[in-house]
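Novice: Supplied in structure tokens, the structure appears directly below.
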Amino acid sequence: MDRLSVEDRSRQMSLVRSKNTKPELAVRKLVFSMGYRYRLHSVGLPGKPDLVFRVRKKAIFVHGCFWHRHEGCKKATIPSSHIDYWLPKFAKTVERDREHLNSLGALGWKTLVVWECELKDADALASKIRTFLEE
Ligand SMILES: [Zn+2]
């Protein structure tokens, strides 16, 4: 059984959510190795996208599958306890993500969401990112 209290769990999860997470670092490294240069967490853009390509007006978000509820993904599990606590939290995160993407779109930015689980296939992810940046 999960012995963490809701508070502990919440604290643990907020660490997971903080910037410079592992998946984000992995995506940065990949994109850098592909020869692209970017800015990080551009202030002034909705949602502070993780990687920002100003000249191209494109932005990439790296999302953890659990927190951001990657649809149909094995990692997007639902905690077995405190469901009434987690579900609204998840809903809020998903809603906020959608708002950020919409706002960026309204400002003329193109966005790509990279899911944590996509890092398992770096080649496929690299070609997805290249297509996004070059289209
Ligand atoms: Zn996923």
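Residues in the structure tokens are named by chain (A, B, ... in the order shown) and by number from 1 within that chain; ligands are numbered from 1 in the order shown.
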Among chain A, which ones does DSSP assign to helix (DSSP H, G or I) (computed from the backbone)? Answer as an NGL selection string.
Specialist: :A and (6-17 or 22-33 or 83-106 or 116-120 or 122-134)
Novice: Could you report the residues within 7 Å of ligand 1, using only C-alpha atoms and all ligand atoms, as a ChimeraX atom specification?
Specialist: /A:65,70,73-76,115-118
Novice: Restrict the selected residues to all heavy atoms and save them as a short mmCIF file (atom, residue, chain, number, x, y, z; two decimals), in the first residue's frame.
Specialist:
```cif
data_model
loop_
_atom_site.label_atom_id
_atom_site.label_comp_id
_atom_site.auth_asym_id
_atom_site.auth_seq_id
_atom_site.Cartn_x
_atom_site.Cartn_y
_atom_site.Cartn_z
N CYS A 65 3.94 12.15 -18.48
CA CYS A 65 2.70 11.46 -18.84
C CYS A 65 1.72 11.38 -17.67
O CYS A 65 0.51 11.44 -17.86
CB CYS A 65 3.02 10.06 -19.34
SG CYS A 65 4.06 10.07 -20.81
N HIS A 70 -1.29 11.92 -20.24
CA HIS A 70 -1.12 11.46 -21.62
C HIS A 70 -2.19 10.42 -21.92
O HIS A 70 -2.20 9.34 -21.34
CB HIS A 70 0.27 10.86 -21.78
CG HIS A 70 0.61 10.54 -23.19
ND1 HIS A 70 1.67 9.74 -23.53
CD2 HIS A 70 0.04 10.93 -24.36
CE1 HIS A 70 1.74 9.64 -24.84
NE2 HIS A 70 0.76 10.36 -25.37
N CYS A 73 -1.93 6.39 -22.28
CA CYS A 73 -0.57 6.02 -21.92
C CYS A 73 -0.54 5.22 -20.62
O CYS A 73 -1.26 5.54 -19.67
CB CYS A 73 0.28 7.28 -21.78
SG CYS A 73 1.96 6.94 -21.26
N LYS A 74 0.31 4.22 -20.59
CA LYS A 74 0.44 3.38 -19.40
C LYS A 74 0.89 4.16 -18.17
O LYS A 74 0.62 3.77 -17.05
CB LYS A 74 1.47 2.26 -19.66
CG LYS A 74 0.87 1.00 -20.23
CD LYS A 74 1.90 -0.14 -20.17
CE LYS A 74 3.09 0.19 -21.04
NZ LYS A 74 4.00 -0.91 -21.34
N LYS A 75 1.66 5.21 -18.42
CA LYS A 75 2.18 5.99 -17.30
C LYS A 75 1.14 6.91 -16.66
O LYS A 75 1.35 7.42 -15.57
CB LYS A 75 3.37 6.84 -17.75
CG LYS A 75 4.63 6.05 -18.02
CD LYS A 75 5.69 6.97 -18.60
CE LYS A 75 6.98 6.22 -18.93
NZ LYS A 75 7.99 6.37 -17.89
N ALA A 76 0.06 7.12 -17.37
CA ALA A 76 -0.97 8.03 -16.85
C ALA A 76 -1.91 7.27 -15.91
O ALA A 76 -3.13 7.24 -16.10
CB ALA A 76 -1.73 8.68 -18.00
N TRP A 115 5.80 14.01 -25.19
CA TRP A 115 5.48 13.23 -24.00
C TRP A 115 6.72 12.47 -23.53
O TRP A 115 7.49 11.98 -24.35
CB TRP A 115 4.33 12.27 -24.27
CG TRP A 115 3.06 13.01 -24.56
CD1 TRP A 115 2.54 13.30 -25.79
CD2 TRP A 115 2.18 13.60 -23.60
NE1 TRP A 115 1.38 14.02 -25.64
CE2 TRP A 115 1.13 14.22 -24.32
CE3 TRP A 115 2.17 13.66 -22.20
CZ2 TRP A 115 0.09 14.91 -23.69
CZ3 TRP A 115 1.13 14.33 -21.57
CH2 TRP A 115 0.10 14.94 -22.31
N GLU A 116 6.83 12.40 -22.23
CA GLU A 116 7.92 11.69 -21.58
C GLU A 116 8.17 10.30 -22.18
O GLU A 116 9.31 9.91 -22.44
CB GLU A 116 7.49 11.58 -20.11
CG GLU A 116 8.26 10.72 -19.21
CD GLU A 116 7.49 10.54 -17.87
OE1 GLU A 116 6.35 11.02 -17.72
OE2 GLU A 116 8.07 9.91 -16.99
N CYS A 117 7.09 9.56 -22.48
CA CYS A 117 7.26 8.19 -22.96
C CYS A 117 7.81 8.15 -24.38
O CYS A 117 8.31 7.12 -24.82
CB CYS A 117 5.93 7.43 -22.86
SG CYS A 117 4.63 8.09 -23.91
N GLU A 118 7.72 9.25 -25.11
CA GLU A 118 8.23 9.28 -26.48
C GLU A 118 9.75 9.23 -26.52
O GLU A 118 10.36 8.98 -27.56
CB GLU A 118 7.74 10.54 -27.21
CG GLU A 118 6.25 10.54 -27.47
CD GLU A 118 5.81 11.78 -28.24
OE1 GLU A 118 5.64 12.84 -27.60
OE2 GLU A 118 5.65 11.67 -29.47
#
```
Novice: For atom CA of Arg69 of chain A and atom CA of Trp86 of chain A, determine how far apart the two atoms are, in Å to one decimal place.
Specialist: 11.5 Å
Novice: I'd like a table as JSON lines: residues in segment 21-110 of chain A with an atom no more than 12 Å from segment 131-135 of chain A, each row giving the shortest atom pair and its distance in Å to one decimal, only C-alpha atoms counted, sorted by chain and rising residue number.
Specialist:
```
{"residue": "A:Val31", "atom": "CA", "partner": "A:Leu133", "partner_atom": "CA", "distance": 10.3}
{"residue": "A:Met34", "atom": "CA", "partner": "A:Leu133", "partner_atom": "CA", "distance": 11.1}
{"residue": "A:Gly35", "atom": "CA", "partner": "A:Leu133", "partner_atom": "CA", "distance": 11.6}
{"residue": "A:Tyr36", "atom": "CA", "partner": "A:Leu133", "partner_atom": "CA", "distance": 9.1}
{"residue": "A:Arg37", "atom": "CA", "partner": "A:Leu133", "partner_atom": "CA", "distance": 11.2}
{"residue": "A:Tyr38", "atom": "CA", "partner": "A:Leu133", "partner_atom": "CA", "distance": 11.3}
{"residue": "A:Leu51", "atom": "CA", "partner": "A:Leu133", "partner_atom": "CA", "distance": 11.6}
{"residue": "A:Val52", "atom": "CA", "partner": "A:Leu133", "partner_atom": "CA", "distance": 10.8}
{"residue": "A:Phe53", "atom": "CA", "partner": "A:Leu133", "partner_atom": "CA", "distance": 8.6}
{"residue": "A:Arg54", "atom": "CA", "partner": "A:Leu133", "partner_atom": "CA", "distance": 11.3}
{"residue": "A:Val55", "atom": "CA", "partner": "A:Leu133", "partner_atom": "CA", "distance": 10.7}
{"residue": "A:Arg56", "atom": "CA", "partner": "A:Leu133", "partner_atom": "CA", "distance": 7.5}
{"residue": "A:Lys57", "atom": "CA", "partner": "A:Leu133", "partner_atom": "CA", "distance": 9.4}
{"residue": "A:Lys58", "atom": "CA", "partner": "A:Leu133", "partner_atom": "CA", "distance": 7.2}
{"residue": "A:Ala59", "atom": "CA", "partner": "A:Leu133", "partner_atom": "CA", "distance": 9.0}
{"residue": "A:Ile60", "atom": "CA", "partner": "A:Phe132", "partner_atom": "CA", "distance": 9.5}
{"residue": "A:Trp109", "atom": "CA", "partner": "A:Leu133", "partner_atom": "CA", "distance": 11.7}
{"residue": "A:Lys110", "atom": "CA", "partner": "A:Phe132", "partner_atom": "CA", "distance": 8.6}
```
Novice: Just want the 12 Å neighbourhood of Thr93 of chain A, counted on only C-alpha atoms, with same-chain residues fewer than 5 positions away dropped. Output as a list in words.
Specialist: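 In the requested form, the answer reads Arg17, Gly47, His63, Gly64, Cys65, Phe66, Trp67, His68, Arg69, His70, Trp86, Leu87, Pro88, Arg98, Glu99 and His100 of chain A.
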Novice: Dump N, CA and C atoms for the selected residues as a PDB file, in the first residue's frame?
Specialist:
```pdb
ATOM      1  N   ARG A  17       7.195  17.944 -10.926  1.00  0.00           N
ATOM      2  CA  ARG A  17       6.673  18.949 -11.853  1.00  0.00           C
ATOM      3  C   ARG A  17       7.626  20.104 -12.096  1.00  0.00           C
ATOM      4  N   GLY A  47       2.379  29.810 -20.498  1.00  0.00           N
ATOM      5  CA  GLY A  47       2.817  28.486 -20.098  1.00  0.00           C
ATOM      6  C   GLY A  47       4.315  28.308 -20.028  1.00  0.00           C
ATOM      7  N   HIS A  63       6.080  17.145 -21.553  1.00  0.00           N
ATOM      8  CA  HIS A  63       5.108  16.819 -20.520  1.00  0.00           C
ATOM      9  C   HIS A  63       5.312  15.435 -19.937  1.00  0.00           C
ATOM     10  N   GLY A  64       5.299  15.373 -18.619  1.00  0.00           N
ATOM     11  CA  GLY A  64       5.288  14.084 -17.937  1.00  0.00           C
ATOM     12  C   GLY A  64       3.928  13.437 -18.159  1.00  0.00           C
ATOM     13  N   CYS A  65       3.942  12.151 -18.477  1.00  0.00           N
ATOM     14  CA  CYS A  65       2.697  11.460 -18.841  1.00  0.00           C
ATOM     15  C   CYS A  65       1.721  11.385 -17.669  1.00  0.00           C
ATOM     16  N   PHE A  66       2.248  11.252 -16.465  1.00  0.00           N
ATOM     17  CA  PHE A  66       1.389  11.124 -15.292  1.00  0.00           C
ATOM     18  C   PHE A  66       0.667  12.433 -14.993  1.00  0.00           C
ATOM     19  N   TRP A  67       1.432  13.473 -14.813  1.00  0.00           N
ATOM     20  CA  TRP A  67       0.836  14.754 -14.435  1.00  0.00           C
ATOM     21  C   TRP A  67      -0.049  15.358 -15.499  1.00  0.00           C
ATOM     22  N   HIS A  68       0.405  15.250 -16.733  1.00  0.00           N
ATOM     23  CA  HIS A  68      -0.318  15.927 -17.801  1.00  0.00           C
ATOM     24  C   HIS A  68      -1.312  15.005 -18.489  1.00  0.00           C
ATOM     25  N   ARG A  69      -1.478  13.803 -17.949  1.00  0.00           N
ATOM     26  CA  ARG A  69      -2.512  12.861 -18.392  1.00  0.00           C
ATOM     27  C   ARG A  69      -2.407  12.520 -19.867  1.00  0.00           C
ATOM     28  N   HIS A  70      -1.289  11.924 -20.243  1.00  0.00           N
ATOM     29  CA  HIS A  70      -1.123  11.464 -21.618  1.00  0.00           C
ATOM     30  C   HIS A  70      -2.190  10.418 -21.923  1.00  0.00           C
ATOM     31  N   TRP A  86      -6.988  13.777  -6.324  1.00  0.00           N
ATOM     32  CA  TRP A  86      -6.194  13.766  -7.551  1.00  0.00           C
ATOM     33  C   TRP A  86      -6.967  14.181  -8.790  1.00  0.00           C
ATOM     34  N   LEU A  87      -8.188  13.699  -8.916  1.00  0.00           N
ATOM     35  CA  LEU A  87      -8.912  13.959 -10.169  1.00  0.00           C
ATOM     36  C   LEU A  87      -9.067  15.446 -10.486  1.00  0.00           C
ATOM     37  N   PRO A  88      -9.494  16.259  -9.505  1.00  0.00           N
ATOM     38  CA  PRO A  88      -9.601  17.701  -9.807  1.00  0.00           C
ATOM     39  C   PRO A  88      -8.238  18.315 -10.139  1.00  0.00           C
ATOM     40  N   ARG A  98      -4.210  23.140 -21.959  1.00  0.00           N
ATOM     41  CA  ARG A  98      -5.000  23.468 -23.147  1.00  0.00           C
ATOM     42  C   ARG A  98      -5.051  24.987 -23.345  1.00  0.00           C
ATOM     43  N   GLU A  99      -5.247  25.692 -22.231  1.00  0.00           N
ATOM     44  CA  GLU A  99      -5.286  27.158 -22.315  1.00  0.00           C
ATOM     45  C   GLU A  99      -3.975  27.724 -22.842  1.00  0.00           C
ATOM     46  N   HIS A 100      -2.866  27.181 -22.360  1.00  0.00           N
ATOM     47  CA  HIS A 100      -1.563  27.667 -22.815  1.00  0.00           C
ATOM     48  C   HIS A 100      -1.387  27.444 -24.310  1.00  0.00           C
TER      49      HIS A 100
END
```
